[in-house]
Every structure is written in structure tokens, then in C-alpha cells.
>>> print(open('my_file.pdb').read())   # PDB, C-alpha atoms and all ligand atoms
ATOM      1  CA  MET A 171     -18.420 -33.791  35.961  1.00  0.00           C
ATOM      2  CA  ASP A 172     -20.467 -31.578  33.681  1.00  0.00           C
ATOM      3  CA  LYS A 173     -18.724 -28.486  34.931  1.00  0.00           C
ATOM      4  CA  VAL A 174     -15.325 -29.967  34.187  1.00  0.00           C
ATOM      5  CA  LYS A 175     -16.441 -30.977  30.721  1.00  0.00           C
ATOM      6  CA  LYS A 176     -17.823 -27.542  30.012  1.00  0.00           C
ATOM      7  CA  ARG A 177     -14.665 -25.900  31.187  1.00  0.00           C
ATOM      8  CA  GLU A 178     -12.633 -28.193  28.979  1.00  0.00           C
ATOM      9  CA  GLN A 179     -14.818 -27.357  26.009  1.00  0.00           C
ATOM     10  CA  TRP A 180     -14.517 -23.666  26.701  1.00  0.00           C
ATOM     11  CA  ARG A 181     -10.748 -23.964  27.001  1.00  0.00           C
ATOM     12  CA  LYS A 182     -10.527 -25.724  23.666  1.00  0.00           C
ATOM     13  CA  ALA A 183     -12.750 -23.170  22.000  1.00  0.00           C
ATOM     14  CA  SER A 184     -10.771 -20.240  23.346  1.00  0.00           C
ATOM     15  CA  ASN A 185      -7.528 -21.852  22.280  1.00  0.00           C
ATOM     16  CA  LYS A 186      -8.929 -22.227  18.786  1.00  0.00           C
ATOM     17  CA  TYR A 187     -10.017 -18.604  18.817  1.00  0.00           C
ATOM     18  CA  ARG A 188      -6.654 -17.407  19.941  1.00  0.00           C
ATOM     19  CA  LYS A 189      -5.003 -19.386  17.191  1.00  0.00           C
ATOM     20  CA  THR A 190      -7.104 -17.734  14.509  1.00  0.00           C
ATOM     21  CA  ILE A 191      -6.304 -14.268  15.825  1.00  0.00           C
ATOM     22  CA  LYS A 192      -2.663 -15.190  15.881  1.00  0.00           C
ATOM     23  CA  GLY A 193      -2.933 -16.488  12.342  1.00  0.00           C
ATOM     24  CA  ILE A 194      -4.355 -13.215  11.094  1.00  0.00           C
ATOM     25  CA  LYS A 195      -1.681 -11.247  12.866  1.00  0.00           C
ATOM     26  CA  ASN A 196       1.060 -13.354  11.353  1.00  0.00           C
ATOM     27  CA  LYS A 197      -0.459 -12.984   7.912  1.00  0.00           C
ATOM     28  CA  LEU A 198      -0.451  -9.231   8.322  1.00  0.00           C
ATOM     29  CA  LYS A 199       3.140  -9.336   9.441  1.00  0.00           C
ATOM     30  CA  LEU A 200       4.035 -11.445   6.448  1.00  0.00           C
ATOM     31  CA  GLU A 201       2.179  -9.096   4.131  1.00  0.00           C
ATOM     32  CA  ARG A 202       3.965  -6.116   5.621  1.00  0.00           C
ATOM     33  CA  TYR A 203       7.304  -7.869   5.225  1.00  0.00           C
ATOM     34  CA  TYR A 204       6.755  -8.627   1.538  1.00  0.00           C
ATOM     35  CA  ARG A 205       5.352  -5.202   0.892  1.00  0.00           C
ATOM     36  CA  LYS A 206       8.472  -3.680   2.375  1.00  0.00           C
ATOM     37  CA  LYS A 207      10.667  -6.017   0.385  1.00  0.00           C
ATOM     38  CA  TYR A 208       9.057  -5.214  -2.968  1.00  0.00           C
ATOM     39  CA  ARG A 209       8.865  -1.532  -2.201  1.00  0.00           C
ATOM     40  CA  HIS A 210      12.561  -1.618  -1.460  1.00  0.00           C
ATOM     41  CA  LEU A 211      13.290  -3.504  -4.683  1.00  0.00           C
ATOM     42  CA  LEU A 212      11.228  -1.028  -6.676  1.00  0.00           C
ATOM     43  CA  LEU A 213      12.924   1.944  -5.072  1.00  0.00           C
ATOM     44  CA  GLU A 214      16.310   0.460  -5.791  1.00  0.00           C
ATOM     45  CA  PHE A 215      15.337  -0.199  -9.390  1.00  0.00           C
ATOM     46  CA  TRP A 216      14.573   3.480  -9.806  1.00  0.00           C
ATOM     47  CA  GLY A 217      17.725   4.568  -7.984  1.00  0.00           C
ATOM     48  CA  ASN A 218      16.006   5.712  -4.766  1.00  0.00           C
ATOM     49  CA  ARG A 219      15.310   9.104  -6.310  1.00  0.00           C
ATOM     50  CA  CYS A 220      12.268  11.152  -7.226  1.00  0.00           C
ATOM     51  CA  LYS A 221      11.990  11.225 -11.004  1.00  0.00           C
ATOM     52  CA  LYS A 222      11.107  14.920 -11.074  1.00  0.00           C
ATOM     53  CA  CYS A 223      13.192  16.667  -8.472  1.00  0.00           C
ATOM     54  CA  GLY A 224      15.765  14.083  -7.408  1.00  0.00           C
ATOM     55  CA  PHE A 225      14.633  14.009  -3.783  1.00  0.00           C
ATOM     56  CA  ASP A 226      16.255  10.957  -2.213  1.00  0.00           C
ATOM     57  CA  ASP A 227      14.798  10.371   1.245  1.00  0.00           C
ATOM     58  CA  ILE A 228      13.134   6.986   0.779  1.00  0.00           C
ATOM     59  CA  ARG A 229      10.677   7.702   3.593  1.00  0.00           C
ATOM     60  CA  ALA A 230       8.883  10.186   1.358  1.00  0.00           C
ATOM     61  CA  LEU A 231       9.179   8.364  -1.959  1.00  0.00           C
ATOM     62  CA  GLN A 232       6.033   6.938  -3.486  1.00  0.00           C
ATOM     63  CA  ILE A 233       5.268   4.655  -6.370  1.00  0.00           C
ATOM     64  CA  ASP A 234       3.106   6.583  -8.787  1.00  0.00           C
ATOM     65  CA  HIS A 235       0.963   5.536 -11.715  1.00  0.00           C
ATOM     66  CA  VAL A 236       2.116   7.647 -14.634  1.00  0.00           C
ATOM     67  CA  LYS A 237      -1.438   7.955 -15.947  1.00  0.00           C
ATOM     68  CA  GLY A 238      -2.982   8.270 -12.517  1.00  0.00           C
ATOM     69  CA  TYR A 239      -5.965   6.516 -11.047  1.00  0.00           C
ATOM     70  CA  GLY A 240      -3.798   4.235  -8.933  1.00  0.00           C
ATOM     71  CA  VAL A 241      -6.495   3.676  -6.337  1.00  0.00           C
ATOM     72  CA  GLN A 242      -9.027   2.693  -8.965  1.00  0.00           C
ATOM     73  CA  HIS A 243      -6.525   0.331 -10.553  1.00  0.00           C
ATOM     74  CA  TYR A 244      -5.739  -1.177  -7.177  1.00  0.00           C
ATOM     75  CA  LYS A 245      -9.400  -1.762  -6.425  1.00  0.00           C
ATOM     76  CA  GLU A 246     -10.066  -3.305  -9.821  1.00  0.00           C
ATOM     77  CA  LEU A 247      -7.281  -5.821  -9.340  1.00  0.00           C
ATOM     78  CA  LYS A 248      -8.714  -6.978  -6.007  1.00  0.00           C
ATOM     79  CA  LEU A 249      -5.288  -8.007  -4.814  1.00  0.00           C
ATOM     80  CA  ASN A 250      -3.869  -7.650  -1.360  1.00  0.00           C
ATOM     81  CA  ARG A 251      -1.092  -5.144  -0.953  1.00  0.00           C
ATOM     82  CA  PHE A 252       1.609  -7.769  -1.077  1.00  0.00           C
ATOM     83  CA  SER A 253       0.493  -9.148  -4.447  1.00  0.00           C
ATOM     84  CA  TYR A 254      -0.029  -5.630  -5.691  1.00  0.00           C
ATOM     85  CA  TYR A 255       3.546  -4.555  -5.037  1.00  0.00           C
ATOM     86  CA  LYS A 256       4.823  -7.817  -6.449  1.00  0.00           C
ATOM     87  CA  LYS A 257       2.801  -7.270  -9.616  1.00  0.00           C
ATOM     88  CA  ILE A 258       4.124  -3.733 -10.027  1.00  0.00           C
ATOM     89  CA  TYR A 259       7.672  -4.945  -9.512  1.00  0.00           C
ATOM     90  CA  GLU A 260       7.288  -7.659 -12.124  1.00  0.00           C
ATOM     91  CA  GLU A 261       5.755  -5.224 -14.602  1.00  0.00           C
ATOM     92  CA  VAL A 262       8.420  -2.602 -14.035  1.00  0.00           C
ATOM     93  CA  LYS A 263      11.204  -5.142 -14.322  1.00  0.00           C
ATOM     94  CA  SER A 264       9.860  -6.363 -17.643  1.00  0.00           C
ATOM     95  CA  GLY A 265      10.043  -2.819 -19.002  1.00  0.00           C
ATOM     96  CA  SER A 266       6.651  -1.339 -18.178  1.00  0.00           C
ATOM     97  CA  LYS A 267       6.562   2.458 -18.129  1.00  0.00           C
ATOM     98  CA  LYS A 268       3.269   2.566 -16.283  1.00  0.00           C
ATOM     99  CA  TYR A 269       4.861   3.453 -12.973  1.00  0.00           C
ATOM    100  CA  GLN A 270       7.397   5.939 -11.741  1.00  0.00           C
ATOM    101  CA  LEU A 271       8.976   7.015  -8.510  1.00  0.00           C
ATOM    102  CA  LEU A 272       7.964  10.381  -7.135  1.00  0.00           C
ATOM    103  CA  CYS A 273       8.469  12.036  -3.799  1.00  0.00           C
ATOM    104  CA  ALA A 274       5.387  12.886  -1.786  1.00  0.00           C
ATOM    105  CA  ASN A 275       5.539  16.531  -2.850  1.00  0.00           C
ATOM    106  CA  CYS A 276       5.770  15.838  -6.569  1.00  0.00           C
ATOM    107  CA  ASN A 277       3.141  13.145  -6.302  1.00  0.00           C
ATOM    108  CA  TRP A 278       0.636  15.405  -4.571  1.00  0.00           C
ATOM    109  CA  ILE A 279       1.358  18.265  -6.936  1.00  0.00           C
ATOM    110  CA  LYS A 280       0.867  15.946  -9.905  1.00  0.00           C
ATOM    111  CA  ARG A 281      -2.363  14.657  -8.406  1.00  0.00           C
ATOM    112  CA  PHE A 282      -3.563  18.171  -7.853  1.00  0.00           C
ATOM    113  CA  ILE A 283      -2.713  19.345 -11.374  1.00  0.00           C
ATOM    114  CA  LYS A 284      -4.171  16.285 -13.070  1.00  0.00           C
ATOM    115  CA  ASN A 285      -7.076  16.024 -10.652  1.00  0.00           C
ATOM    116  CA  GLU A 286      -6.313  12.391  -9.839  1.00  0.00           C
ATOM    117  CA  ASN A 287      -7.706  10.305  -7.043  1.00  0.00           C
ATOM    118  CA  THR A 288      -8.816  13.305  -5.092  1.00  0.00           C
ATOM    119  CA  PRO A 289     -12.483  13.596  -4.252  1.00  0.00           C
ATOM    120  CA  ARG A 290     -13.951  16.875  -5.490  1.00  0.00           C
ATOM    121  CA  ARG A 291     -14.931  17.909  -1.992  1.00  0.00           C
ATOM    122  CA  LYS A 292     -11.325  17.832  -0.864  1.00  0.00           C
ATOM    123  CA  LEU A 293     -10.096  19.644  -3.956  1.00  0.00           C
ATOM    124  CA  LYS A 294     -12.570  22.438  -3.382  1.00  0.00           C
ATOM    125  CA  ASN A 295     -11.078  23.020   0.031  1.00  0.00           C
ATOM    126  CA  VAL A 296      -7.626  23.216  -1.478  1.00  0.00           C
ATOM    127  CA  VAL A 297      -8.664  25.635  -4.214  1.00  0.00           C
ATOM    128  CA  SER A 298     -10.477  28.036  -1.947  1.00  0.00           C
ATOM    129  CA  PRO A 299      -8.909  28.089   1.495  1.00  0.00           C
ATOM    130  CA  LYS A 300     -10.368  30.353   4.139  1.00  0.00           C
ATOM    131  CA  SER A 301      -8.233  33.456   4.358  1.00  0.00           C
TER     132      SER A 301
HETATM  133 ZN    ZN A 401      10.039  15.148  -6.176  1.00  0.00          ZN
END
>>> encode(input="my_file.pdb", output="C-alpha cells", more="lines below")
Ligand SMILES: [Zn+2]
Amino acid sequence: MDKVKKREQWRKASNKYRKTIKGIKNKLKLERYYRKKYRHLLLEFWGNRCKKCGFDDIRALQIDHVKGYGVQHYKELKLNRFSYYKKIYEEVKSGSKKYQLLCANCNWIKRFIKNENTPRRKLKNVVSPKS
């Protein structure tokens, strides 16, 4: 009898566990879905083009903070990525000029020139490559 009871308890516990894991996975999926949706909306708002060079492959387009420090801003807000994209979209739609669309190249070049978001250690390696 005890063995059966224990097994039943274990089964219930593992079912519960599986449900939580599933829950997290679904949440991630949902987050990814909304992130994609708002990214798409933002890209469309800006005409799916890099502001600087006109590059139009959406796979390499990135939402950039005009004044930089996007990572810092993101951390300060303490939002998940879904809420973050939603917030940007709402701000941009209401006329905010804080963000712009850049391709990966322009974004990295801008970051390099303005020394944004890049740890010094990494920058050093870029400035003085081994020849
Ligand atoms: Zn560009």
C-alpha cells in the first residue's frame, strides 16, 4: 500500500514539475512572438531601411538608441524584452526621436565611433589588432 501511495505522490509531483517547465517554455514562446511582432511594427514604421545607408535586409536591421547606452537603459527599466519593444514602439509612435533604425554595420560603426556599450577591453582589441 505504501509503495503505491508513494508512487502516486511521485507521479503527481512530477506532473506538477513538468507543468511548470511547460509554462516557462510557453511564456518564452509568447515573449518571442510579441518581440517579433513589435520589432516588425517598428521596422515597418521606419520603412524597413537603415537610416544612414538605406540597407534594407531586415535580418540585419537593428533598433538603435540615438544617444546610445541602450543596454544601460534596458537594464534600468527592468522590463522583459517583450515589454521593452512594446515601450519603444509606443514611444516612437507618439513622436519620440530617441530611437532610429540602423543596419548592423552602421550600428557597430556608430558604437565604435561614439564608444557606446562596448567594454574598454574589447575596444582595445579592435584598435590594436595583431598584425
Ligand atoms: Zn546602414
>>> atom_distance(input="my_file.pdb", atom1="CA of Lys248 (chain A)", atom2="CA of Trp216 (chain A)")
25.8 Å
>>> atom_distance(input="my_file.pdb", atom1="CA of Arg219 (chain A)", atom2="CA of Glu246 (chain A)")
28.5 Å
>>> closest_atom_pairs(input="my_file.pdb", of="chain A", to="ligand ZN 401 (chain A)", cutoff="6 Å", atoms="all atoms listed in the file", output="CSV")
residue,atom,partner,partner_atom,distance
A:Cys220,CA,A:ZN401,ZN,4.7
A:Lys222,CA,A:ZN401,ZN,5.0
A:Cys223,CA,A:ZN401,ZN,4.2
A:Gly224,CA,A:ZN401,ZN,6.0
A:Phe225,CA,A:ZN401,ZN,5.3
A:Leu272,CA,A:ZN401,ZN,5.3
A:Cys273,CA,A:ZN401,ZN,4.2
A:Asn275,CA,A:ZN401,ZN,5.8
A:Cys276,CA,A:ZN401,ZN,4.3
>>> atom_distance(input="my_file.pdb", atom1="CA of Leu271 (chain A)", atom2="CA of Asn218 (chain A)")
8.1 Å
>>> resolve_selection(input="my_file.pdb", expression="the PyMOL selection byres (((chain A and resi 198-205) around 8) and not hetatm)", output="list in words")
Ile194, Lys195, Asn196, Lys197, Lys206, Lys207, Tyr208, Arg209, Arg251, Phe252, Tyr255 and Lys256 of chain A
>>> axis_aligned_box(input="my_file.pdb", around="region 183-186 of chain A", padding_each_side="5 Å", output="JSON")
{"center_x": -10.1, "center_y": -21.7, "center_z": 21.1, "size_x": 15.2, "size_y": 12.9, "size_z": 14.6}
>>> closest_residue(input="my_file.pdb", among="A:Arg281, A:Lys175, A:Lys268, A:Lys186", to="His235 (chain A)", atoms="all atoms listed in the file")
A:Lys268
>>> residues_near_point(input="my_file.pdb", point="(10.6, -0.2, -15.0)", cutoff="12 Å", atoms="all atoms listed in the file", output="number ranges by chain")
A: 211-217, 233-236, 257-271
>>> build_atoms(input="my_file.pdb", residues="region 197-217 of chain A", atoms="N, CA and C atoms", output="PDB file, in the coordinates of the input")
ATOM      1  N   LYS A 197      -0.241 -13.237   9.339  1.00  0.00           N
ATOM      2  CA  LYS A 197      -0.459 -12.984   7.912  1.00  0.00           C
ATOM      3  C   LYS A 197      -0.191 -11.517   7.607  1.00  0.00           C
ATOM      4  N   LEU A 198      -0.675 -10.669   8.501  1.00  0.00           N
ATOM      5  CA  LEU A 198      -0.451  -9.231   8.322  1.00  0.00           C
ATOM      6  C   LEU A 198       1.030  -8.906   8.368  1.00  0.00           C
ATOM      7  N   LYS A 199       1.704  -9.541   9.322  1.00  0.00           N
ATOM      8  CA  LYS A 199       3.140  -9.336   9.441  1.00  0.00           C
ATOM      9  C   LYS A 199       3.846  -9.750   8.161  1.00  0.00           C
ATOM     10  N   LEU A 200       3.438 -10.908   7.658  1.00  0.00           N
ATOM     11  CA  LEU A 200       4.035 -11.445   6.448  1.00  0.00           C
ATOM     12  C   LEU A 200       3.792 -10.497   5.280  1.00  0.00           C
ATOM     13  N   GLU A 201       2.554 -10.007   5.200  1.00  0.00           N
ATOM     14  CA  GLU A 201       2.179  -9.096   4.131  1.00  0.00           C
ATOM     15  C   GLU A 201       3.037  -7.832   4.202  1.00  0.00           C
ATOM     16  N   ARG A 202       3.183  -7.326   5.431  1.00  0.00           N
ATOM     17  CA  ARG A 202       3.965  -6.116   5.621  1.00  0.00           C
ATOM     18  C   ARG A 202       5.418  -6.358   5.203  1.00  0.00           C
ATOM     19  N   TYR A 203       5.917  -7.522   5.549  1.00  0.00           N
ATOM     20  CA  TYR A 203       7.304  -7.869   5.225  1.00  0.00           C
ATOM     21  C   TYR A 203       7.509  -7.883   3.711  1.00  0.00           C
ATOM     22  N   TYR A 204       6.610  -8.534   2.994  1.00  0.00           N
ATOM     23  CA  TYR A 204       6.755  -8.627   1.538  1.00  0.00           C
ATOM     24  C   TYR A 204       6.540  -7.284   0.863  1.00  0.00           C
ATOM     25  N   ARG A 205       5.614  -6.529   1.426  1.00  0.00           N
ATOM     26  CA  ARG A 205       5.352  -5.202   0.892  1.00  0.00           C
ATOM     27  C   ARG A 205       6.611  -4.352   0.994  1.00  0.00           C
ATOM     28  N   LYS A 206       7.244  -4.410   2.148  1.00  0.00           N
ATOM     29  CA  LYS A 206       8.472  -3.680   2.375  1.00  0.00           C
ATOM     30  C   LYS A 206       9.543  -4.135   1.393  1.00  0.00           C
ATOM     31  N   LYS A 207       9.649  -5.432   1.234  1.00  0.00           N
ATOM     32  CA  LYS A 207      10.667  -6.017   0.385  1.00  0.00           C
ATOM     33  C   LYS A 207      10.502  -5.535  -1.067  1.00  0.00           C
ATOM     34  N   TYR A 208       9.278  -5.603  -1.575  1.00  0.00           N
ATOM     35  CA  TYR A 208       9.057  -5.214  -2.968  1.00  0.00           C
ATOM     36  C   TYR A 208       9.138  -3.713  -3.163  1.00  0.00           C
ATOM     37  N   ARG A 209       8.726  -2.986  -2.135  1.00  0.00           N
ATOM     38  CA  ARG A 209       8.865  -1.532  -2.201  1.00  0.00           C
ATOM     39  C   ARG A 209      10.344  -1.175  -2.293  1.00  0.00           C
ATOM     40  N   HIS A 210      11.125  -1.847  -1.481  1.00  0.00           N
ATOM     41  CA  HIS A 210      12.561  -1.618  -1.460  1.00  0.00           C
ATOM     42  C   HIS A 210      13.179  -1.954  -2.821  1.00  0.00           C
ATOM     43  N   LEU A 211      12.781  -3.086  -3.379  1.00  0.00           N
ATOM     44  CA  LEU A 211      13.290  -3.504  -4.683  1.00  0.00           C
ATOM     45  C   LEU A 211      12.932  -2.485  -5.763  1.00  0.00           C
ATOM     46  N   LEU A 212      11.689  -2.017  -5.696  1.00  0.00           N
ATOM     47  CA  LEU A 212      11.228  -1.028  -6.676  1.00  0.00           C
ATOM     48  C   LEU A 212      12.017   0.269  -6.542  1.00  0.00           C
ATOM     49  N   LEU A 213      12.191   0.704  -5.305  1.00  0.00           N
ATOM     50  CA  LEU A 213      12.924   1.944  -5.072  1.00  0.00           C
ATOM     51  C   LEU A 213      14.357   1.835  -5.586  1.00  0.00           C
ATOM     52  N   GLU A 214      14.944   0.671  -5.348  1.00  0.00           N
ATOM     53  CA  GLU A 214      16.310   0.460  -5.791  1.00  0.00           C
ATOM     54  C   GLU A 214      16.382   0.470  -7.319  1.00  0.00           C
ATOM     55  N   PHE A 215      15.400  -0.141  -7.929  1.00  0.00           N
ATOM     56  CA  PHE A 215      15.337  -0.199  -9.390  1.00  0.00           C
ATOM     57  C   PHE A 215      15.334   1.204  -9.988  1.00  0.00           C
ATOM     58  N   TRP A 216      14.661   2.104  -9.313  1.00  0.00           N
ATOM     59  CA  TRP A 216      14.573   3.480  -9.806  1.00  0.00           C
ATOM     60  C   TRP A 216      15.667   4.381  -9.229  1.00  0.00           C
ATOM     61  N   GLY A 217      16.593   3.798  -8.509  1.00  0.00           N
ATOM     62  CA  GLY A 217      17.725   4.568  -7.984  1.00  0.00           C
ATOM     63  C   GLY A 217      17.429   5.381  -6.740  1.00  0.00           C
TER      64      GLY A 217
END
